[in-house]
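Trainee: The structure follows.
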Amino acid sequence: MRLIAGGIMHETHTFSAEPTTVESLNVARGDELLAFAGVNHSLGGVIDECRERGIDLAPAFFADGVSTSVPDRQTFDFLVGELCSGIADALPADGIVLTLHGAMVAEDFPDAEAEIVRRVREIAGPDLPIAVTLDLHANIGQAMVDRVNVITTYDTYPHVDAAERAREAVDLLVRTIQGEIRPTMALAKPPLMPVPQAIATGEGPFKTLFERAHEMERSGEAITVTVAGGFAYADVPEAGIGLLVTTDDDPAAARRLADELATLAWSLRHDMIVRNTPPAEAVAEAIAFPEGPVMLVDVGDNIGGGTPGDGTVLLAELLAQDAREATIVIADAEAARAAFDAGVGGMIQVAVGGKTDRLHGDPVPVTGRVRLLCDGQWIHEGPENAGVPVDMGPTAVLRCGGVNLVLTTRKSMPGDQQQLKSVGIDPVRQHILVVKAAVRWRGGFGPIAKHAVYADTPGLGSVDLQRFPYRHIRRPIFPLDLETAFTP
Ligand SMILES: [Zn+2]
């Protein structure tokens, strides 16, 4: 058997001002994709599963990157063009596995994944089985579902099962190719658009939803079930929760089960409302907590959700309240360069952060001693993305009063202890760890955290959706419109 692997993975924040370009993404062609072997990533799962089964895998093209703004038409056409020509070169094959995100938006294509699979389908022909893997934050649309045969989506947030779900996709694709199953999908889209923090799968409404979804899978009623939380910061009609049930050639059962999950999600909607602590109070609470590390969660600057990572609201508060042994990472190429110019041991005065936009706090003037300078390269210890390398660019650690200020050249998602260990900071020994995240931090820091405070910081990751000028989402939608009604 021969399969083709490839994809484009981008979570698009439509209110972001940070450009998404071919240069801002990580791009791999042909055998370069095989670098993902053995890592906890969707593409890694595809490669490993194919190798273990003795499947001949042809790697085509893959691009991904941290969440940023809407790529323009030219960028999108280039990426999809590369993917399609990689696939065309690798044909003939028995099937294709596409590693996508599900919440990508491109200029002219609000449902970018639907357009990607449309173009791949054009090359592959109407009958070649195609499997797709998605992120839990996918804004799933019917147009994508209609064009593919198999879809699997992470069941976890933090996303610790990326490779496992991709292995499942390969398994279902192989069984489809062999004629053992005929996957039949039904999608339900209740008018629900929760913020990332409400989508954590370890507790609350999504834990309940996944319990029922896994029951459907275990009982054999469904082959696979997707509970996608959606991505609220994409202003597109598909934004929001998607319940996607796949049965073996039983469309009526797929519809019934998807509607059942939609009804269950709707009944849990009030548990999807999130309220956080005002920044000054949050910092005071973290300082006063007797044990550390306390996770101080900068929800408004949730890098994985498309924010710039240079938000300063909590830095300003930590300095003002004279926090001791607090660590914060801020992406600021200019400030990092100033530290490099001063050299290790040098004292610098520099305005830090708040440079990408005016939404995440103003630049904060700091005076600090340079403790460490490095290349900013490290490898995820996991569990999420275990084995995936990160390049933060030239990185400096400044000591400002009791605060360890890590200045990176490029933004990178927090949530992995190696980010701090790689710059000489032992996270267990810190009293406060600021994480610019919503939920992702729990993967790497959950086991050592003594307490967590979620700060209601302003910015593109704000839990108050009323702050965003939506124009294209479905209305009414909960929780933006509290009076929304729904029957499946
Ligand atoms: Zn996600």
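All residue names refer to the structure tokens as shown: chains lettered A, B, ... in order, residues numbered from 1 in each chain, ligands numbered from 1 in order.
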Write as a PyMOL selection string the residues around ligand 1, taking 8 Å as the cut-off and counting only C-alpha atoms and all ligand atoms.

Mentor: chain A and resi 11+101+135-138+157-159+304-305

Trainee: Residues of stretch 346-483 of chain A classed as helix (DSSP H, G or I) by DSSP on the backbone are to be reported as a PyMOL selection string.

Mentor: chain A and resi 418-421+427-429+441-445+465-467

Trainee: Could you give me, as a list of chain:residue names, the residues within 10 Å of A:Leu319, counting only C-alpha atoms and dropping anything in the same chain fewer than 6 positions from it?

Mentor: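 The residues satisfying every condition are A:Ala326, A:Val364, A:Val366, A:Cys400, A:Gly401, A:Gly402, A:Val403.
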
Trainee: Report the distance between atom CA of A:Leu43 and atom CA of A:Thr247 in Å, rounded to one decimal place.

Mentor: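 Taking atom CA of A:Leu43 and atom CA of A:Thr247, their separation equals 24.5 Å.
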
Trainee: Can you measure atom CA of A:Leu83 to atom CA of A:Ile116 for me? One decimal in Å is fine.

Mentor: 8.9 Å

Trainee: Compile a residue-level contact table for stretch 299-326 of chain A against stretch 404-421 of chain A at a cut-off of 9 Å, reporting for every qualifying residue the shortest atom pair and its distance in Å to one decimal, with only C-alpha atoms counted, rows ordered by chain and ascending number, as a tab-separated table.

Mentor:
residue	atom	partner	partner_atom	distance
A:Asn302	CA	A:Met413	CA	8.1
A:Ile303	CA	A:Met413	CA	5.5
A:Gly304	CA	A:Met413	CA	5.5
A:Pro308	CA	A:Lys411	CA	6.9
A:Gly309	CA	A:Lys411	CA	5.7
A:Asp310	CA	A:Lys411	CA	7.9
A:Leu315	CA	A:Leu405	CA	8.6
A:Glu325	CA	A:Asn404	CA	7.0
A:Ala326	CA	A:Asn404	CA	6.1

Trainee: Using only N, CA and C atoms, please write the residues we just selected to a file, as a PDB file, in the first residue's frame.

Mentor:
ATOM      1  N   ASN A 302      -2.393  35.095  24.792  1.00  0.00           N
ATOM      2  CA  ASN A 302      -2.269  33.646  24.587  1.00  0.00           C
ATOM      3  C   ASN A 302      -1.629  33.388  23.224  1.00  0.00           C
ATOM      4  N   ILE A 303      -0.326  33.182  23.254  1.00  0.00           N
ATOM      5  CA  ILE A 303       0.454  33.116  22.004  1.00  0.00           C
ATOM      6  C   ILE A 303      -0.068  32.029  21.065  1.00  0.00           C
ATOM      7  N   GLY A 304      -0.380  30.863  21.621  1.00  0.00           N
ATOM      8  CA  GLY A 304      -0.886  29.774  20.781  1.00  0.00           C
ATOM      9  C   GLY A 304      -2.176  30.153  20.091  1.00  0.00           C
ATOM     10  N   PRO A 308       0.568  38.457  20.096  1.00  0.00           N
ATOM     11  CA  PRO A 308       1.977  38.717  19.746  1.00  0.00           C
ATOM     12  C   PRO A 308       3.018  38.225  20.755  1.00  0.00           C
ATOM     13  N   GLY A 309       2.619  37.936  21.983  1.00  0.00           N
ATOM     14  CA  GLY A 309       3.617  37.459  22.944  1.00  0.00           C
ATOM     15  C   GLY A 309       4.482  38.560  23.513  1.00  0.00           C
ATOM     16  N   ASP A 310       4.084  39.816  23.277  1.00  0.00           N
ATOM     17  CA  ASP A 310       4.873  40.922  23.849  1.00  0.00           C
ATOM     18  C   ASP A 310       4.016  41.776  24.793  1.00  0.00           C
ATOM     19  N   LEU A 315       3.972  42.095  33.422  1.00  0.00           N
ATOM     20  CA  LEU A 315       5.336  42.529  33.751  1.00  0.00           C
ATOM     21  C   LEU A 315       5.283  43.817  34.574  1.00  0.00           C
ATOM     22  N   GLU A 325      11.361  36.224  42.545  1.00  0.00           N
ATOM     23  CA  GLU A 325      11.481  34.965  41.790  1.00  0.00           C
ATOM     24  C   GLU A 325      10.270  34.721  40.904  1.00  0.00           C
ATOM     25  N   ALA A 326      10.021  35.720  40.070  1.00  0.00           N
ATOM     26  CA  ALA A 326       8.982  35.579  39.047  1.00  0.00           C
ATOM     27  C   ALA A 326       9.673  35.530  37.691  1.00  0.00           C
TER      28      ALA A 326
END

Trainee: Which residues are near A:Glu18? Cut-off 12 Å, only C-alpha atoms, ignore same chain within fewer than 6 positions. Put them as a PDB file with N, CA, C and O atoms, in the first residue's frame.

Mentor:
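Output (part-v8.pdb):
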ATOM      1  N   THR A  12      -5.692  30.693  12.307  1.00  0.00           N
ATOM      2  CA  THR A  12      -5.665  32.082  11.864  1.00  0.00           C
ATOM      3  C   THR A  12      -6.502  32.975  12.775  1.00  0.00           C
ATOM      4  O   THR A  12      -7.708  32.777  12.923  1.00  0.00           O
ATOM      5  N   SER A  24       7.340  33.409   7.371  1.00  0.00           N
ATOM      6  CA  SER A  24       7.013  33.292   8.797  1.00  0.00           C
ATOM      7  C   SER A  24       6.620  31.864   9.173  1.00  0.00           C
ATOM      8  O   SER A  24       6.467  31.538  10.348  1.00  0.00           O
ATOM      9  N   VAL A  66       3.200  29.304  14.234  1.00  0.00           N
ATOM     10  CA  VAL A  66       2.405  29.794  15.353  1.00  0.00           C
ATOM     11  C   VAL A  66       1.292  30.675  14.782  1.00  0.00           C
ATOM     12  O   VAL A  66       1.453  31.311  13.744  1.00  0.00           O
ATOM     13  N   SER A  67       0.170  30.699  15.477  1.00  0.00           N
ATOM     14  CA  SER A  67      -1.000  31.453  15.028  1.00  0.00           C
ATOM     15  C   SER A  67      -0.700  32.930  14.792  1.00  0.00           C
ATOM     16  O   SER A  67      -0.134  33.609  15.649  1.00  0.00           O
ATOM     17  N   THR A  68      -1.082  33.408  13.605  1.00  0.00           N
ATOM     18  CA  THR A  68      -0.920  34.819  13.235  1.00  0.00           C
ATOM     19  C   THR A  68      -2.135  35.238  12.389  1.00  0.00           C
ATOM     20  O   THR A  68      -3.163  34.581  12.449  1.00  0.00           O
ATOM     21  N   SER A  69      -1.968  36.303  11.597  1.00  0.00           N
ATOM     22  CA  SER A  69      -3.130  36.860  10.888  1.00  0.00           C
ATOM     23  C   SER A  69      -3.466  36.094   9.606  1.00  0.00           C
ATOM     24  O   SER A  69      -2.837  35.086   9.287  1.00  0.00           O
ATOM     25  N   VAL A  70      -4.426  36.621   8.864  1.00  0.00           N
ATOM     26  CA  VAL A  70      -4.913  35.989   7.631  1.00  0.00           C
ATOM     27  C   VAL A  70      -3.849  36.074   6.531  1.00  0.00           C
ATOM     28  O   VAL A  70      -3.447  37.180   6.157  1.00  0.00           O
ATOM     29  N   PRO A  71      -3.395  34.937   5.995  1.00  0.00           N
ATOM     30  CA  PRO A  71      -2.461  35.001   4.868  1.00  0.00           C
ATOM     31  C   PRO A  71      -3.157  35.563   3.627  1.00  0.00           C
ATOM     32  O   PRO A  71      -4.343  35.300   3.420  1.00  0.00           O
ATOM     33  N   ILE A 303      -0.326  33.182  23.254  1.00  0.00           N
ATOM     34  CA  ILE A 303       0.454  33.116  22.004  1.00  0.00           C
ATOM     35  C   ILE A 303      -0.068  32.029  21.065  1.00  0.00           C
ATOM     36  O   ILE A 303      -0.202  32.241  19.859  1.00  0.00           O
ATOM     37  N   GLY A 306      -2.739  33.156  18.837  1.00  0.00           N
ATOM     38  CA  GLY A 306      -2.543  34.178  17.825  1.00  0.00           C
ATOM     39  C   GLY A 306      -2.202  35.565  18.327  1.00  0.00           C
ATOM     40  O   GLY A 306      -2.289  36.546  17.591  1.00  0.00           O
ATOM     41  N   THR A 307      -1.798  35.690  19.591  1.00  0.00           N
ATOM     42  CA  THR A 307      -1.429  37.004  20.120  1.00  0.00           C
ATOM     43  C   THR A 307       0.087  37.213  19.939  1.00  0.00           C
ATOM     44  O   THR A 307       0.808  36.261  19.667  1.00  0.00           O
ATOM     45  N   PRO A 308       0.568  38.457  20.096  1.00  0.00           N
ATOM     46  CA  PRO A 308       1.977  38.717  19.746  1.00  0.00           C
ATOM     47  C   PRO A 308       3.018  38.225  20.755  1.00  0.00           C
ATOM     48  O   PRO A 308       4.189  38.117  20.425  1.00  0.00           O
ATOM     49  N   GLY A 309       2.619  37.936  21.983  1.00  0.00           N
ATOM     50  CA  GLY A 309       3.617  37.459  22.944  1.00  0.00           C
ATOM     51  C   GLY A 309       4.482  38.560  23.513  1.00  0.00           C
ATOM     52  O   GLY A 309       5.502  38.299  24.150  1.00  0.00           O
ATOM     53  N   ASP A 310       4.084  39.816  23.277  1.00  0.00           N
ATOM     54  CA  ASP A 310       4.873  40.922  23.849  1.00  0.00           C
ATOM     55  C   ASP A 310       4.016  41.776  24.793  1.00  0.00           C
ATOM     56  O   ASP A 310       4.303  42.943  25.029  1.00  0.00           O
ATOM     57  N   LYS A 355       5.136  46.291  21.468  1.00  0.00           N
ATOM     58  CA  LYS A 355       5.582  46.927  20.221  1.00  0.00           C
ATOM     59  C   LYS A 355       4.814  46.461  18.990  1.00  0.00           C
ATOM     60  O   LYS A 355       4.829  47.133  17.971  1.00  0.00           O
ATOM     61  N   THR A 356       4.141  45.321  19.081  1.00  0.00           N
ATOM     62  CA  THR A 356       3.436  44.806  17.893  1.00  0.00           C
ATOM     63  C   THR A 356       2.136  45.565  17.648  1.00  0.00           C
ATOM     64  O   THR A 356       1.777  45.863  16.521  1.00  0.00           O
ATOM     65  N   ASP A 357       1.419  45.835  18.710  1.00  0.00           N
ATOM     66  CA  ASP A 357       0.168  46.593  18.582  1.00  0.00           C
ATOM     67  C   ASP A 357      -0.061  47.337  19.898  1.00  0.00           C
ATOM     68  O   ASP A 357       0.794  47.319  20.781  1.00  0.00           O
ATOM     69  N   ARG A 410      11.815  35.794  18.571  1.00  0.00           N
ATOM     70  CA  ARG A 410      10.527  35.372  17.997  1.00  0.00           C
ATOM     71  C   ARG A 410       9.630  34.870  19.116  1.00  0.00           C
ATOM     72  O   ARG A 410      10.103  34.314  20.104  1.00  0.00           O
ATOM     73  N   LYS A 411       8.317  35.023  18.919  1.00  0.00           N
ATOM     74  CA  LYS A 411       7.391  34.500  19.921  1.00  0.00           C
ATOM     75  C   LYS A 411       7.367  32.979  19.838  1.00  0.00           C
ATOM     76  O   LYS A 411       7.513  32.401  18.772  1.00  0.00           O
ATOM     77  N   LEU A 460      -5.718  40.199  22.251  1.00  0.00           N
ATOM     78  CA  LEU A 460      -6.361  39.371  21.229  1.00  0.00           C
ATOM     79  C   LEU A 460      -6.778  37.999  21.743  1.00  0.00           C
ATOM     80  O   LEU A 460      -7.435  37.244  21.045  1.00  0.00           O
TER      81      LEU A 460
END

Trainee: Find the residues of stretch 271-358 of chain A that sit at most 9 Å from stretch 367-379 of chain A; for each, write down the nearest two atoms and how far apart they are in Å, to one decimal. Count only C-alpha atoms. Sort by chain, then by number going up, and give it as a tab-separated table.

Mentor:
residue	atom	partner	partner_atom	distance
A:Ala336	CA	A:Leu373	CA	8.8
A:Ala339	CA	A:Val370	CA	6.2
A:Phe340	CA	A:Leu373	CA	6.8
A:Ala342	CA	A:Val370	CA	7.5
A:Gly343	CA	A:Val370	CA	6.7
A:Val344	CA	A:Val370	CA	5.0
A:Gly345	CA	A:Val370	CA	5.1
A:Gly346	CA	A:Val370	CA	5.5
A:Met347	CA	A:Arg369	CA	4.4
A:Ile348	CA	A:Gly368	CA	5.6
A:Gln349	CA	A:Thr367	CA	4.4
A:Val350	CA	A:Thr367	CA	6.6
A:Ala351	CA	A:Thr367	CA	8.9

Trainee: Let me make sure I understand: among A:Ala288, A:Ala162, A:Ala88, A:Leu398, which one has the smallest atom-to-atom distance to A:Glu384 if we use only C-alpha atoms?

Mentor: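 With only C-alpha atoms as the atom set, the closest residue is A:Ala162.
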
Trainee: Please build the interface table for stretch 352-466 of chain A against stretch 27-42 of chain A with a cut-off of 9 Å, listing for each qualifying residue the nearest atom pair and the distance in Å to one decimal; count only C-alpha atoms, order rows by chain and increasing number, and write it as a tab-separated table.

Mentor:
residue	atom	partner	partner_atom	distance
A:Gly382	CA	A:Asn40	CA	8.0
A:Pro383	CA	A:Asn40	CA	7.6
A:Glu384	CA	A:Asn40	CA	6.5
A:Asn385	CA	A:Asn40	CA	4.7
A:Ala386	CA	A:Asn40	CA	5.1
A:Gly387	CA	A:Val39	CA	4.8
A:Val388	CA	A:Val39	CA	6.2

Trainee: Give me the stretch 260-317 of chain A side of the contact with stretch 427-450 of chain A, cut-off 12 Å, one line per residue showing its nearest atom pair and distance in Å at one decimal, counting only C-alpha atoms, sorted by chain and residue number, as CSV.

Mentor:
residue,atom,partner,partner_atom,distance
A:Val274,CA,A:Ala438,CA,11.1
A:Asn276,CA,A:Ala438,CA,11.0
A:Pro279,CA,A:Val434,CA,11.8
A:Ala282,CA,A:Val434,CA,11.0
A:Val283,CA,A:Ile432,CA,9.1
A:Ala284,CA,A:Ile432,CA,11.0
A:Glu285,CA,A:Ile432,CA,10.5
A:Ala286,CA,A:Ile432,CA,6.7
A:Ile287,CA,A:Ile432,CA,7.4
A:Ala288,CA,A:His431,CA,10.1
A:Phe289,CA,A:His431,CA,8.9
A:Pro290,CA,A:His431,CA,9.0
A:Glu291,CA,A:Lys450,CA,6.5
A:Gly292,CA,A:His431,CA,4.3
A:Pro293,CA,A:His431,CA,4.5
A:Val294,CA,A:Ile432,CA,4.8
A:Met295,CA,A:Leu433,CA,5.1
A:Leu296,CA,A:Val434,CA,4.6
A:Val297,CA,A:Val435,CA,5.0
A:Asp298,CA,A:Lys436,CA,4.6
A:Val299,CA,A:Ala438,CA,5.1
A:Gly300,CA,A:Lys436,CA,7.8
A:Asp301,CA,A:Lys436,CA,5.4
A:Asn302,CA,A:Ala437,CA,3.9
A:Ile303,CA,A:Lys436,CA,5.9
A:Gly304,CA,A:Ala437,CA,6.6
A:Gly305,CA,A:Ala437,CA,7.7
A:Gly306,CA,A:Ala437,CA,10.1
A:Thr307,CA,A:Lys436,CA,8.9
A:Pro308,CA,A:Lys436,CA,9.7
A:Gly309,CA,A:Lys436,CA,6.8
A:Asp310,CA,A:Lys436,CA,9.2
A:Gly311,CA,A:Lys436,CA,8.5
A:Thr312,CA,A:Lys436,CA,10.6
A:Val313,CA,A:Val434,CA,11.1
A:Leu314,CA,A:Val434,CA,7.9
A:Leu315,CA,A:Val434,CA,8.8
A:Glu317,CA,A:Val434,CA,11.6

Trainee: Can those selected residues be exported to a file as a tab-separated table (two decimals), in the first residue's frame so that it contains C-alpha atoms?

Mentor:
chain	number	residue	atom	x	y	z
A	274	VAL	CA	-15.22	32.27	31.59
A	276	ASN	CA	-10.89	35.89	35.05
A	279	PRO	CA	-4.41	41.84	36.48
A	282	ALA	CA	-4.09	38.36	39.99
A	283	VAL	CA	-0.48	39.40	40.63
A	284	ALA	CA	-1.22	40.13	44.31
A	285	GLU	CA	-2.83	36.70	44.67
A	286	ALA	CA	0.18	35.01	43.07
A	287	ILE	CA	2.66	36.87	45.31
A	288	ALA	CA	0.65	36.06	48.44
A	289	PHE	CA	0.30	32.35	47.72
A	290	PRO	CA	2.56	30.55	50.20
A	291	GLU	CA	3.98	27.97	47.82
A	292	GLY	CA	5.35	28.05	44.29
A	293	PRO	CA	5.41	27.79	41.45
A	294	VAL	CA	2.19	29.72	40.98
A	295	MET	CA	1.11	29.86	37.36
A	296	LEU	CA	0.12	33.40	36.46
A	297	VAL	CA	-1.81	32.90	33.24
A	298	ASP	CA	-1.72	35.83	30.80
A	299	VAL	CA	-4.88	34.82	28.97
A	300	GLY	CA	-5.17	38.03	26.92
A	301	ASP	CA	-1.75	37.34	25.40
A	302	ASN	CA	-2.27	33.65	24.59
A	303	ILE	CA	0.45	33.12	22.00
A	304	GLY	CA	-0.89	29.77	20.78
A	305	GLY	CA	-4.15	31.58	20.06
A	306	GLY	CA	-2.54	34.18	17.82
A	307	THR	CA	-1.43	37.00	20.12
A	308	PRO	CA	1.98	38.72	19.75
A	309	GLY	CA	3.62	37.46	22.94
A	310	ASP	CA	4.87	40.92	23.85
A	311	GLY	CA	2.10	41.87	26.27
A	312	THR	CA	3.38	43.84	29.24
A	313	VAL	CA	0.44	44.19	31.63
A	314	LEU	CA	1.68	41.47	34.01
A	315	LEU	CA	5.34	42.53	33.75
A	317	GLU	CA	2.38	44.65	37.77

Trainee: Nearest residue to A:His380 out of A:Glu180, A:Thr201, A:Pro129, A:Ser422, using only C-alpha atoms?

Mentor: A:Ser422

Trainee: So that I can check the surroundings of A:Pro488, please list as a PyMOL selection string every protein, DNA and RNA residue that reaches within 8 Å of it, counting only C-alpha atoms and ignoring chain neighbours fewer than 4 positions away.

Mentor: chain A and resi 188+190+259+262-263

Trainee: Excluding A:Ala63 and any residue of its chain fewer than 2 positions from it, enumerate the residues within 9 Å of it, using only C-alpha atoms, and give them as number ranges by chain.

Mentor: A: 6-10, 22, 25-29, 61, 65, 79, 83

Trainee: In terms of the shortest atom-to-atom distance over only C-alpha atoms, which of A:Thr208, A:Asn139, A:Gln74, A:Thr395 is closest to A:Pro237?

Mentor: A:Asn139

Trainee: Give me every strand (DSSP E) residue in stretch 59-209 of chain A, going by DSSP on the backbone, as a ChimeraX atom specification.

Mentor: /A:59-64,95-100,130-134,150-153,183-188
